[in-house]
Amino acid sequence: MPLLRLDKILCDTGRCSRSQAKEFIRAGQALVNGAAVRDPAAKFDPETVSVSLAGETVEKPGHLYVMLHKPAGLLSASRDTRKPTVLDLMPPAWRKRGLFCVGRLDKDTTGLLLLSDDGDFAHRVISPKSEIVKLYEAEVEGTAGEEDVRAFREGIVLKDGLRCLPAVLRPMRPGLVQVEVMEGKYHQVKRMLASRGLPVRSLRRLRIGGLWMDETLASGGYRLLTREEIDAIAPGLLSK
Ligand code: URA
């Protein structure tokens with residue numbers, strides 16, 4: 001592995017921007033193998049070096065795993081488009097690394113969206129074979145009843161004849177339901193509910209597998225997933 005500048009090594013971990021990395025290093029907050037290094041241009045092997053920043057060990061540069069509290073009004077498209085996308089919220093250094101959306105939420109859907117630059121991770125989260133449950137909360141017109149719950153359990157057949165996998169519908173109160181699905185077909189939750197005469201007014205994703213939306217993140221806020229969170233959603237991925 002070629003040697004890299006310390007500010008680049010820090011920036012590549014996704015913890016900070018290049019200019020923030022320089023500031024941390026000059027302030028003596030970056031320890032390399034236990035000793036303070038104050039030169040941002042000092043070079044090390046990123047594979048073997050141990051770096052801590054402000055007292056915390058930083059992971060070796062690897063993939064990025066990001067949780068976003070998606071606001072309404074942004075596309076979860078990864079490719080360049082003239083329309084505003086969730087990638088516009090991400091730091092340029094992360095975008096340059098090829099961050100993309102892990103699955104999609106509709107433009108008007110809010111809540112938990114994951115982004116990564118790791119195709120294996122995305123495949124595991126999205127593939128119905130992984131049986132990762134996605135939990136949504138929907139405001140609907142009308143009130144869901146036992147018949148609707150049963151229809152979800154048996155597998156909804158959409159208007160175009162598409163059969164959905166068995167899913168969970170949980171009436172919360174009149175006009176509010178929770179839905180658990182394992183697939184991500186186009187507009188799936190909205191179409192499933194509409195097929196039962198329950199058109200969706202608003203939709204929010206609360207959970208993917210064991211990973212809940214971090215409610216401390218304001219709308220539009222994001223953070224890196226912790227090692228434990230990555231491991232919970234894609235066991236063994238980091239030790240590959
Ligand atoms: N199902 C939908 O209908 N829309 C979403 O954004 C996600 C799931």
# chains A, B, ... in the order shown; residues from 1 in each chain; ligands from 1

call {"tool": "closest_atom_pairs", "arguments": {"of": "chain A", "to": "ligand 1", "cutoff": "6 Å", "atoms": "only C-alpha atoms and all ligand atoms", "output": "Markdown table"}}
result
| residue | atom | partner | partner_atom_place_in_ligand_line | distance |
| --- | --- | --- | --- | --- |
| A:Leu105 | CA | ligand 1 | 6 (O) | 3.5 |
| A:Asp106 | CA | ligand 1 | 6 (O) | 3.7 |
| A:Thr109 | CA | ligand 1 | 6 (O) | 4.9 |
| A:His187 | CA | ligand 1 | 3 (O) | 3.2 |
| A:Gln188 | CA | ligand 1 | 3 (O) | 4.2 |
| A:Val189 | CA | ligand 1 | 1 (N) | 3.8 |
| A:Lys190 | CA | ligand 1 | 3 (O) | 3.9 |

call {"tool": "residues_around", "arguments": {"residues": "A:Gln29", "least_positions_apart": "6", "cutoff": "7 Å", "atoms": "only C-alpha atoms", "output": "list in words"}}
result
Ala36, Leu53 and Ala54 of chain A

call {"tool": "residues_around", "arguments": {"residues": "A:Leu6", "least_positions_apart": "3", "cutoff": "8 Å", "atoms": "only C-alpha atoms", "output": "list in words"}}
result
Ile9, Leu10, Asp39, Pro40, Ala41, Ala42, Lys43 and Phe44 of chain A

call {"tool": "write_last_selection", "arguments": {"atoms": "all heavy atoms", "output": "PDB file, in the first residue's frame"}}
result
ATOM      1  N   ILE A   9      -5.399  10.413   5.246  1.00  0.00           N
ATOM      2  CA  ILE A   9      -5.821   9.196   5.962  1.00  0.00           C
ATOM      3  C   ILE A   9      -7.026   9.516   6.852  1.00  0.00           C
ATOM      4  O   ILE A   9      -8.021   8.790   6.864  1.00  0.00           O
ATOM      5  CB  ILE A   9      -4.656   8.615   6.809  1.00  0.00           C
ATOM      6  CG1 ILE A   9      -3.552   8.089   5.889  1.00  0.00           C
ATOM      7  CG2 ILE A   9      -5.145   7.512   7.733  1.00  0.00           C
ATOM      8  CD1 ILE A   9      -2.305   7.581   6.613  1.00  0.00           C
ATOM      9  N   LEU A  10      -6.924  10.639   7.562  1.00  0.00           N
ATOM     10  CA  LEU A  10      -8.027  11.011   8.460  1.00  0.00           C
ATOM     11  C   LEU A  10      -9.297  11.335   7.685  1.00  0.00           C
ATOM     12  O   LEU A  10     -10.393  10.907   8.042  1.00  0.00           O
ATOM     13  CB  LEU A  10      -7.630  12.218   9.319  1.00  0.00           C
ATOM     14  CG  LEU A  10      -6.805  11.891  10.561  1.00  0.00           C
ATOM     15  CD1 LEU A  10      -6.382  13.180  11.254  1.00  0.00           C
ATOM     16  CD2 LEU A  10      -7.600  11.025  11.513  1.00  0.00           C
ATOM     17  N   ASP A  39       2.326  17.362  11.764  1.00  0.00           N
ATOM     18  CA  ASP A  39       2.541  17.717  10.359  1.00  0.00           C
ATOM     19  C   ASP A  39       1.508  16.998   9.481  1.00  0.00           C
ATOM     20  O   ASP A  39       1.590  15.779   9.309  1.00  0.00           O
ATOM     21  CB  ASP A  39       3.967  17.310   9.959  1.00  0.00           C
ATOM     22  CG  ASP A  39       4.240  17.591   8.483  1.00  0.00           C
ATOM     23  OD1 ASP A  39       3.377  18.228   7.835  1.00  0.00           O
ATOM     24  OD2 ASP A  39       5.303  17.162   7.993  1.00  0.00           O
ATOM     25  N   PRO A  40       0.566  17.742   8.900  1.00  0.00           N
ATOM     26  CA  PRO A  40      -0.468  17.089   8.081  1.00  0.00           C
ATOM     27  C   PRO A  40       0.106  16.337   6.894  1.00  0.00           C
ATOM     28  O   PRO A  40      -0.524  15.420   6.368  1.00  0.00           O
ATOM     29  CB  PRO A  40      -1.335  18.255   7.588  1.00  0.00           C
ATOM     30  CG  PRO A  40      -1.018  19.400   8.472  1.00  0.00           C
ATOM     31  CD  PRO A  40       0.383  19.193   8.970  1.00  0.00           C
ATOM     32  N   ALA A  41       1.330  16.714   6.459  1.00  0.00           N
ATOM     33  CA  ALA A  41       1.916  16.086   5.269  1.00  0.00           C
ATOM     34  C   ALA A  41       2.730  14.837   5.605  1.00  0.00           C
ATOM     35  O   ALA A  41       3.213  14.154   4.699  1.00  0.00           O
ATOM     36  CB  ALA A  41       2.798  17.093   4.535  1.00  0.00           C
ATOM     37  N   ALA A  42       2.888  14.547   6.907  1.00  0.00           N
ATOM     38  CA  ALA A  42       3.652  13.341   7.279  1.00  0.00           C
ATOM     39  C   ALA A  42       2.964  12.108   6.697  1.00  0.00           C
ATOM     40  O   ALA A  42       1.731  12.024   6.703  1.00  0.00           O
ATOM     41  CB  ALA A  42       3.734  13.237   8.794  1.00  0.00           C
ATOM     42  N   LYS A  43       3.765  11.167   6.162  1.00  0.00           N
ATOM     43  CA  LYS A  43       3.166  10.039   5.436  1.00  0.00           C
ATOM     44  C   LYS A  43       3.266   8.722   6.212  1.00  0.00           C
ATOM     45  O   LYS A  43       4.280   8.463   6.873  1.00  0.00           O
ATOM     46  CB  LYS A  43       3.846   9.884   4.075  1.00  0.00           C
ATOM     47  CG  LYS A  43       3.476  11.013   3.140  1.00  0.00           C
ATOM     48  CD  LYS A  43       3.904  10.728   1.725  1.00  0.00           C
ATOM     49  CE  LYS A  43       3.298  11.770   0.811  1.00  0.00           C
ATOM     50  NZ  LYS A  43       3.752  11.639  -0.542  1.00  0.00           N
ATOM     51  N   PHE A  44       2.197   7.920   6.091  1.00  0.00           N
ATOM     52  CA  PHE A  44       2.131   6.627   6.774  1.00  0.00           C
ATOM     53  C   PHE A  44       1.429   5.620   5.874  1.00  0.00           C
ATOM     54  O   PHE A  44       0.714   5.988   4.941  1.00  0.00           O
ATOM     55  CB  PHE A  44       1.350   6.759   8.092  1.00  0.00           C
ATOM     56  CG  PHE A  44       1.942   7.745   9.042  1.00  0.00           C
ATOM     57  CD1 PHE A  44       1.522   9.078   9.032  1.00  0.00           C
ATOM     58  CD2 PHE A  44       2.946   7.366   9.923  1.00  0.00           C
ATOM     59  CE1 PHE A  44       2.087  10.007   9.893  1.00  0.00           C
ATOM     60  CE2 PHE A  44       3.517   8.289  10.786  1.00  0.00           C
ATOM     61  CZ  PHE A  44       3.087   9.609  10.772  1.00  0.00           C
TER      62      PHE A  44
END

call {"tool": "closest_atom_pairs", "arguments": {"of": "stretch 160-229 of chain A", "to": "stretch 125-138 of chain A", "cutoff": "7 Å", "atoms": "only C-alpha atoms", "output": "Markdown table"}}
result
| residue | atom | partner | partner_atom | distance |
| --- | --- | --- | --- | --- |
| A:Leu176 | CA | A:Ala138 | CA | 5.8 |
| A:Val177 | CA | A:Ala138 | CA | 5.4 |
| A:Gln178 | CA | A:Glu137 | CA | 4.4 |
| A:Val179 | CA | A:Tyr136 | CA | 5.2 |
| A:Glu180 | CA | A:Leu135 | CA | 4.5 |
| A:Val181 | CA | A:Lys134 | CA | 5.4 |
| A:Met182 | CA | A:Val133 | CA | 4.7 |
| A:Glu183 | CA | A:Pro128 | CA | 5.3 |
| A:Val200 | CA | A:Ala138 | CA | 6.4 |
| A:Ser202 | CA | A:Ala138 | CA | 5.7 |
| A:Leu203 | CA | A:Ala138 | CA | 4.5 |
| A:Arg204 | CA | A:Glu137 | CA | 5.3 |
| A:Arg205 | CA | A:Tyr136 | CA | 4.3 |
| A:Leu206 | CA | A:Tyr136 | CA | 5.6 |
| A:Arg207 | CA | A:Leu135 | CA | 5.0 |
| A:Ile208 | CA | A:Lys134 | CA | 4.5 |
| A:Gly209 | CA | A:Ile132 | CA | 5.0 |

call {"tool": "residues_around", "arguments": {"residues": "A:Ala122", "least_positions_apart": "3", "cutoff": "10 Å", "atoms": "only C-alpha atoms", "output": "ChimeraX atom specification"}}
result
/A:65,100-103,114-119,125-127,234

call {"tool": "residues_around", "arguments": {"residues": "A:Thr13", "least_positions_apart": "2", "cutoff": "10 Å", "atoms": "only C-alpha atoms", "output": "compact mmCIF listing (two decimals) with N, CA, C and O atoms, in the first residue's frame"}}
result
# COMPACT_ATOMS: atom_id res chain seq x y z
N LYS A 8 -4.94 13.09 4.70
CA LYS A 8 -5.75 12.30 3.77
C LYS A 8 -6.27 11.03 4.46
O LYS A 8 -7.42 10.65 4.28
N ILE A 9 -5.40 10.41 5.25
CA ILE A 9 -5.82 9.20 5.96
C ILE A 9 -7.03 9.52 6.85
O ILE A 9 -8.02 8.79 6.86
N LEU A 10 -6.92 10.64 7.56
CA LEU A 10 -8.03 11.01 8.46
C LEU A 10 -9.30 11.34 7.68
O LEU A 10 -10.39 10.91 8.04
N CYS A 11 -9.14 12.09 6.62
CA CYS A 11 -10.29 12.51 5.81
C CYS A 11 -10.96 11.28 5.19
O CYS A 11 -12.20 11.19 5.15
N ARG A 15 -14.51 10.85 8.95
CA ARG A 15 -14.77 11.54 10.22
C ARG A 15 -14.72 13.04 10.08
O ARG A 15 -15.29 13.77 10.88
N CYS A 16 -13.95 13.55 9.11
CA CYS A 16 -13.79 15.00 8.99
C CYS A 16 -13.37 15.35 7.56
O CYS A 16 -12.98 14.47 6.79
N SER A 17 -13.45 16.66 7.26
CA SER A 17 -13.00 17.10 5.94
C SER A 17 -11.47 17.20 5.95
O SER A 17 -10.85 17.14 7.02
N VAL A 58 -9.60 5.97 15.37
CA VAL A 58 -10.40 6.04 14.14
C VAL A 58 -10.16 4.78 13.32
O VAL A 58 -9.06 4.24 13.30
N GLU A 59 -11.24 4.33 12.70
CA GLU A 59 -11.15 3.11 11.90
C GLU A 59 -10.25 3.35 10.69
O GLU A 59 -10.15 4.47 10.20
N LYS A 60 -9.65 2.28 10.18
CA LYS A 60 -8.86 2.41 8.96
C LYS A 60 -9.78 2.85 7.83
O LYS A 60 -10.97 2.54 7.85
N PRO A 61 -9.22 3.55 6.85
CA PRO A 61 -10.08 3.96 5.75
C PRO A 61 -10.71 2.74 5.10
O PRO A 61 -10.00 1.83 4.70
N GLY A 62 -11.98 2.71 5.12
CA GLY A 62 -12.67 1.58 4.50
C GLY A 62 -13.87 2.14 3.79
O GLY A 62 -13.80 3.24 3.25
N HIS A 63 -14.96 1.44 3.83
CA HIS A 63 -16.16 1.94 3.18
C HIS A 63 -16.90 2.91 4.09
O HIS A 63 -16.69 2.94 5.30
N LEU A 64 -17.80 3.66 3.48
CA LEU A 64 -18.64 4.59 4.22
C LEU A 64 -20.02 3.97 4.41
O LEU A 64 -20.59 3.43 3.45
N TRP A 94 -17.25 12.77 0.59
CA TRP A 94 -17.96 11.49 0.57
C TRP A 94 -18.53 11.23 -0.81
O TRP A 94 -18.52 10.11 -1.30

call {"tool": "closest_residue", "arguments": {"among": "A:Ala167, A:Ala194, A:Val37, A:Leu224", "to": "A:Ala21", "atoms": "only C-alpha atoms"}}
result
A:Val37

call {"tool": "residues_around", "arguments": {"residues": "A:Gly55", "least_positions_apart": "5", "cutoff": "12 Å", "atoms": "only C-alpha atoms", "output": "PyMOL selection string"}}
result
chain A and resi 24+28-32+34-36

call {"tool": "residues_around", "arguments": {"residues": "stretch 69-77 of chain A", "least_positions_apart": "6", "cutoff": "8 Å", "atoms": "only C-alpha atoms", "output": "list in words"}}
result
Lys83, Pro84, Thr85, Val86, Leu87, Phe100, Cys101, Arg104, Leu105, Asp106, Lys107, Asp108, Thr109, Thr110, Gly111, Leu112, Leu113, Met213, Asp214, Leu217, Ala218, Ser219, Gly220, Gly221 and Tyr222 of chain A

call {"tool": "select_by_dssp", "arguments": {"residues": "stretch 40-159 of chain A", "states": "helix (DSSP H, G or I)", "output": "short mmCIF file (atom, residue, chain, number, x, y, z; two decimals) with all heavy atoms, in the first residue's frame"}}
result
data_model
loop_
_atom_site.label_atom_id
_atom_site.label_comp_id
_atom_site.auth_asym_id
_atom_site.auth_seq_id
_atom_site.Cartn_x
_atom_site.Cartn_y
_atom_site.Cartn_z
N VAL A 86 -30.69 13.52 -2.33
CA VAL A 86 -30.13 13.41 -0.98
C VAL A 86 -28.60 13.53 -1.00
O VAL A 86 -28.00 13.91 0.01
CB VAL A 86 -30.53 12.09 -0.30
CG1 VAL A 86 -32.01 12.05 -0.01
CG2 VAL A 86 -30.11 10.89 -1.12
N LEU A 87 -27.99 13.24 -2.14
CA LEU A 87 -26.52 13.35 -2.21
C LEU A 87 -26.07 14.80 -2.06
O LEU A 87 -24.94 15.06 -1.64
CB LEU A 87 -26.00 12.75 -3.51
CG LEU A 87 -26.00 11.23 -3.51
CD1 LEU A 87 -25.73 10.69 -4.88
CD2 LEU A 87 -24.99 10.68 -2.52
N ASP A 88 -26.97 15.74 -2.39
CA ASP A 88 -26.62 17.16 -2.21
C ASP A 88 -26.39 17.49 -0.73
O ASP A 88 -25.79 18.51 -0.41
CB ASP A 88 -27.73 18.07 -2.77
CG ASP A 88 -27.91 17.88 -4.27
OD1 ASP A 88 -26.93 17.50 -4.93
OD2 ASP A 88 -29.04 18.08 -4.76
N LEU A 89 -26.92 16.65 0.17
CA LEU A 89 -26.74 16.90 1.61
C LEU A 89 -25.40 16.39 2.12
O LEU A 89 -24.98 16.72 3.22
CB LEU A 89 -27.85 16.19 2.41
CG LEU A 89 -29.29 16.60 2.12
CD1 LEU A 89 -30.26 15.65 2.83
CD2 LEU A 89 -29.53 18.03 2.60
N PRO A 92 -18.78 16.87 0.08
CA PRO A 92 -18.17 16.58 -1.21
C PRO A 92 -17.17 15.42 -1.14
O PRO A 92 -17.10 14.60 -2.06
CB PRO A 92 -17.48 17.88 -1.60
CG PRO A 92 -18.19 18.94 -0.82
CD PRO A 92 -18.71 18.30 0.43
N ALA A 93 -16.41 15.34 -0.04
CA ALA A 93 -15.40 14.25 0.06
C ALA A 93 -16.07 12.89 0.02
O ALA A 93 -15.51 11.94 -0.52
CB ALA A 93 -14.60 14.41 1.35
N TRP A 94 -17.25 12.77 0.59
CA TRP A 94 -17.96 11.49 0.57
C TRP A 94 -18.53 11.23 -0.81
O TRP A 94 -18.52 10.11 -1.30
CB TRP A 94 -19.10 11.47 1.60
CG TRP A 94 -18.64 11.46 3.02
CD1 TRP A 94 -17.35 11.53 3.46
CD2 TRP A 94 -19.46 11.39 4.17
NE1 TRP A 94 -17.32 11.50 4.84
CE2 TRP A 94 -18.61 11.42 5.29
CE3 TRP A 94 -20.83 11.31 4.38
CZ2 TRP A 94 -19.08 11.36 6.59
CZ3 TRP A 94 -21.32 11.25 5.68
CH2 TRP A 94 -20.44 11.28 6.77
N ARG A 95 -19.07 12.28 -1.43
CA ARG A 95 -19.65 12.10 -2.78
C ARG A 95 -18.58 11.62 -3.74
O ARG A 95 -18.80 10.75 -4.57
CB ARG A 95 -20.25 13.41 -3.28
CG ARG A 95 -21.52 13.80 -2.54
CD ARG A 95 -22.42 14.61 -3.41
NE ARG A 95 -21.79 15.80 -3.94
CZ ARG A 95 -21.89 17.00 -3.40
NH1 ARG A 95 -22.60 17.18 -2.31
NH2 ARG A 95 -21.29 18.03 -3.94
N LYS A 96 -17.36 12.20 -3.57
CA LYS A 96 -16.25 11.82 -4.46
C LYS A 96 -15.91 10.35 -4.31
O LYS A 96 -15.38 9.72 -5.23
CB LYS A 96 -15.01 12.65 -4.11
CG LYS A 96 -14.76 13.77 -5.10
CD LYS A 96 -13.38 14.33 -4.93
CE LYS A 96 -13.48 15.79 -4.50
NZ LYS A 96 -12.35 16.25 -3.72
N GLY A 119 -20.93 -1.91 -2.37
CA GLY A 119 -21.96 -2.64 -3.10
C GLY A 119 -22.43 -3.91 -2.38
O GLY A 119 -23.60 -4.26 -2.44
N ASP A 120 -21.51 -4.59 -1.69
CA ASP A 120 -21.89 -5.82 -0.96
C ASP A 120 -22.91 -5.49 0.12
O ASP A 120 -23.89 -6.20 0.31
CB ASP A 120 -20.66 -6.42 -0.25
CG ASP A 120 -19.78 -7.17 -1.22
OD1 ASP A 120 -20.22 -7.34 -2.37
OD2 ASP A 120 -18.66 -7.54 -0.83
N PHE A 121 -22.63 -4.39 0.83
CA PHE A 121 -23.53 -3.96 1.91
C PHE A 121 -24.92 -3.66 1.32
O PHE A 121 -25.94 -4.14 1.83
CB PHE A 121 -22.95 -2.72 2.58
CG PHE A 121 -23.82 -2.10 3.64
CD1 PHE A 121 -23.98 -2.71 4.88
CD2 PHE A 121 -24.47 -0.90 3.40
CE1 PHE A 121 -24.79 -2.13 5.85
CE2 PHE A 121 -25.27 -0.30 4.37
CZ PHE A 121 -25.42 -0.93 5.60
N ALA A 122 -24.93 -2.89 0.23
CA ALA A 122 -26.21 -2.50 -0.39
C ALA A 122 -26.99 -3.75 -0.80
O ALA A 122 -28.19 -3.87 -0.54
CB ALA A 122 -25.95 -1.62 -1.59
N HIS A 123 -26.29 -4.69 -1.41
CA HIS A 123 -26.97 -5.91 -1.87
C HIS A 123 -27.62 -6.63 -0.69
O HIS A 123 -28.76 -7.06 -0.75
CB HIS A 123 -25.97 -6.80 -2.58
CG HIS A 123 -26.58 -8.08 -3.04
ND1 HIS A 123 -27.49 -8.12 -4.07
CD2 HIS A 123 -26.47 -9.35 -2.58
CE1 HIS A 123 -27.90 -9.37 -4.24
NE2 HIS A 123 -27.28 -10.13 -3.35
N ARG A 124 -26.85 -6.72 0.41
CA ARG A 124 -27.38 -7.44 1.57
C ARG A 124 -28.62 -6.77 2.14
O ARG A 124 -29.55 -7.43 2.58
CB ARG A 124 -26.32 -7.47 2.67
CG ARG A 124 -25.21 -8.37 2.34
CD ARG A 124 -24.99 -9.30 3.49
NE ARG A 124 -23.59 -9.53 3.65
CZ ARG A 124 -23.05 -9.86 4.80
NH1 ARG A 124 -23.77 -9.93 5.88
NH2 ARG A 124 -21.77 -10.10 4.87
N VAL A 125 -28.61 -5.44 2.16
CA VAL A 125 -29.73 -4.71 2.78
C VAL A 125 -30.97 -4.77 1.88
O VAL A 125 -32.09 -4.91 2.35
CB VAL A 125 -29.33 -3.24 3.07
CG1 VAL A 125 -30.52 -2.44 3.57
CG2 VAL A 125 -28.19 -3.20 4.10
N ILE A 126 -30.73 -4.71 0.57
CA ILE A 126 -31.87 -4.59 -0.35
C ILE A 126 -32.47 -5.95 -0.70
O ILE A 126 -33.69 -6.07 -0.85
CB ILE A 126 -31.42 -3.88 -1.66
CG1 ILE A 126 -30.99 -2.46 -1.38
CG2 ILE A 126 -32.55 -3.87 -2.67
CD1 ILE A 126 -30.23 -1.82 -2.54
N PRO A 128 -34.37 -9.20 -1.03
CA PRO A 128 -35.41 -9.87 -0.23
C PRO A 128 -34.89 -11.17 0.38
O PRO A 128 -35.36 -11.60 1.42
CB PRO A 128 -36.54 -10.14 -1.22
CG PRO A 128 -36.28 -9.27 -2.39
CD PRO A 128 -34.80 -9.02 -2.43
N LYS A 129 -33.86 -11.77 -0.27
CA LYS A 129 -33.29 -13.02 0.26
C LYS A 129 -32.71 -12.83 1.65
O LYS A 129 -32.62 -13.76 2.43
CB LYS A 129 -32.20 -13.53 -0.68
CG LYS A 129 -32.74 -14.20 -1.90
CD LYS A 129 -31.67 -15.08 -2.56
CE LYS A 129 -32.10 -15.40 -3.98
NZ LYS A 129 -31.14 -15.05 -4.99
N SER A 130 -32.25 -11.61 1.93
CA SER A 130 -31.67 -11.34 3.26
C SER A 130 -32.75 -11.27 4.33
O SER A 130 -32.45 -11.29 5.53
CB SER A 130 -30.89 -10.03 3.27
OG SER A 130 -29.94 -10.00 2.27
N GLU A 146 -59.35 -5.61 10.64
CA GLU A 146 -58.84 -7.00 10.69
C GLU A 146 -58.71 -7.63 9.29
O GLU A 146 -57.78 -8.37 9.02
CB GLU A 146 -59.75 -7.87 11.57
CG GLU A 146 -59.35 -7.84 13.04
CD GLU A 146 -57.84 -7.98 13.26
OE1 GLU A 146 -57.26 -8.97 12.78
OE2 GLU A 146 -57.24 -7.08 13.86
N GLU A 147 -59.68 -7.30 8.40
CA GLU A 147 -59.63 -7.83 7.03
C GLU A 147 -58.35 -7.40 6.33
O GLU A 147 -57.72 -8.16 5.59
CB GLU A 147 -60.81 -7.27 6.22
CG GLU A 147 -62.13 -7.92 6.54
CD GLU A 147 -62.19 -9.30 5.89
OE1 GLU A 147 -62.21 -9.35 4.66
OE2 GLU A 147 -62.17 -10.30 6.65
N ASP A 148 -57.99 -6.12 6.55
CA ASP A 148 -56.78 -5.58 5.91
C ASP A 148 -55.53 -6.27 6.48
O ASP A 148 -54.61 -6.61 5.73
CB ASP A 148 -56.69 -4.06 6.16
CG ASP A 148 -57.93 -3.34 5.66
OD1 ASP A 148 -58.32 -3.58 4.49
OD2 ASP A 148 -58.52 -2.56 6.42
N VAL A 149 -55.54 -6.46 7.79
CA VAL A 149 -54.39 -7.13 8.44
C VAL A 149 -54.21 -8.52 7.83
O VAL A 149 -53.10 -8.93 7.49
CB VAL A 149 -54.63 -7.22 9.97
CG1 VAL A 149 -53.54 -8.05 10.64
CG2 VAL A 149 -54.71 -5.83 10.59
N ARG A 150 -55.33 -9.22 7.64
CA ARG A 150 -55.27 -10.57 7.10
C ARG A 150 -54.76 -10.55 5.65
O ARG A 150 -53.92 -11.35 5.26
CB ARG A 150 -56.66 -11.22 7.16
CG ARG A 150 -56.59 -12.73 6.97
CD ARG A 150 -57.89 -13.44 7.28
NE ARG A 150 -58.59 -12.91 8.43
CZ ARG A 150 -59.85 -12.43 8.42
NH1 ARG A 150 -60.52 -12.37 7.30
NH2 ARG A 150 -60.40 -12.00 9.53
N ALA A 151 -55.27 -9.58 4.88
CA ALA A 151 -54.85 -9.50 3.47
C ALA A 151 -53.34 -9.26 3.37
O ALA A 151 -52.66 -9.85 2.53
CB ALA A 151 -55.61 -8.37 2.78
N PHE A 152 -52.80 -8.43 4.24
CA PHE A 152 -51.34 -8.20 4.25
C PHE A 152 -50.60 -9.48 4.60
O PHE A 152 -49.59 -9.82 4.01
CB PHE A 152 -50.97 -7.09 5.24
CG PHE A 152 -50.94 -5.71 4.62
CD1 PHE A 152 -52.07 -5.15 4.05
CD2 PHE A 152 -49.76 -4.97 4.60
CE1 PHE A 152 -52.04 -3.89 3.47
CE2 PHE A 152 -49.71 -3.71 4.01
CZ PHE A 152 -50.85 -3.17 3.45
N ARG A 153 -51.14 -10.18 5.59
CA ARG A 153 -50.47 -11.41 6.06
C ARG A 153 -50.45 -12.46 4.95
O ARG A 153 -49.50 -13.22 4.79
CB ARG A 153 -51.22 -11.95 7.28
CG ARG A 153 -50.39 -12.93 8.10
CD ARG A 153 -51.19 -13.56 9.24
NE ARG A 153 -51.83 -12.59 10.11
CZ ARG A 153 -53.12 -12.63 10.47
NH1 ARG A 153 -53.92 -13.58 10.02
NH2 ARG A 153 -53.61 -11.73 11.29
N GLU A 154 -51.52 -12.48 4.14
CA GLU A 154 -51.60 -13.50 3.08
C GLU A 154 -50.81 -13.11 1.83
O GLU A 154 -50.52 -13.96 0.99
CB GLU A 154 -53.07 -13.75 2.72
CG GLU A 154 -53.71 -14.62 3.80
CD GLU A 154 -55.23 -14.64 3.72
OE1 GLU A 154 -55.78 -14.11 2.73
OE2 GLU A 154 -55.84 -15.19 4.65
#

call {"tool": "atom_distance", "arguments": {"atom1": "atom CA of A:Gly184", "atom2": "atom CA of A:Cys164"}}
result
9.8 Å

call {"tool": "select_by_dssp", "arguments": {"residues": "stretch 140-209 of chain A", "states": "strand (DSSP E or B)", "output": "PyMOL selection string"}}
result
chain A and resi 140+157+163+168-173+176-181+200-208

call {"tool": "write_last_selection", "arguments": {"atoms": "C-alpha atoms", "output": "PDB file, in the first residue's frame"}}
result
ATOM      1  CA  VAL A 140     -53.764   7.048   5.626  1.00  0.00           C
ATOM      2  CA  VAL A 157     -51.918  -8.697  -4.976  1.00  0.00           C
ATOM      3  CA  ARG A 163     -48.058 -10.538  -5.738  1.00  0.00           C
ATOM      4  CA  VAL A 168     -47.427  -7.071   8.538  1.00  0.00           C
ATOM      5  CA  LEU A 169     -50.063  -4.352   8.826  1.00  0.00           C
ATOM      6  CA  ARG A 170     -50.480  -2.873  12.288  1.00  0.00           C
ATOM      7  CA  PRO A 171     -53.385  -0.450  12.794  1.00  0.00           C
ATOM      8  CA  MET A 172     -52.178   2.132  15.359  1.00  0.00           C
ATOM      9  CA  ARG A 173     -55.227   4.419  15.541  1.00  0.00           C
ATOM     10  CA  LEU A 176     -52.370   5.726  11.256  1.00  0.00           C
ATOM     11  CA  VAL A 177     -50.795   2.345  10.497  1.00  0.00           C
ATOM     12  CA  GLN A 178     -47.428   0.649  10.611  1.00  0.00           C
ATOM     13  CA  VAL A 179     -46.321  -1.681   7.825  1.00  0.00           C
ATOM     14  CA  GLU A 180     -43.450  -4.174   7.807  1.00  0.00           C
ATOM     15  CA  VAL A 181     -42.189  -5.407   4.424  1.00  0.00           C
ATOM     16  CA  VAL A 200     -51.381   7.177   1.926  1.00  0.00           C
ATOM     17  CA  ARG A 201     -51.120  10.827   2.987  1.00  0.00           C
ATOM     18  CA  SER A 202     -47.582  10.613   4.336  1.00  0.00           C
ATOM     19  CA  LEU A 203     -45.008   7.871   4.727  1.00  0.00           C
ATOM     20  CA  ARG A 204     -42.001   7.590   7.002  1.00  0.00           C
ATOM     21  CA  ARG A 205     -39.458   4.778   7.359  1.00  0.00           C
ATOM     22  CA  LEU A 206     -38.648   4.042  10.986  1.00  0.00           C
ATOM     23  CA  ARG A 207     -36.437   0.959  10.922  1.00  0.00           C
ATOM     24  CA  ILE A 208     -34.342  -1.291   8.666  1.00  0.00           C
TER      25      ILE A 208
END

call {"tool": "atom_distance", "arguments": {"atom1": "atom CA of A:Gly210", "atom2": "atom CA of A:Glu229"}}
result
8.2 Å

call {"tool": "atom_distance", "arguments": {"atom1": "atom CA of A:Arg18", "atom2": "atom CA of A:Arg38"}}
result
14.5 Å

call {"tool": "closest_residue", "arguments": {"among": "A:Met192, A:Leu198, A:Ile230, A:Leu4", "to": "A:Leu211", "atoms": "only C-alpha atoms"}}
result
A:Ile230
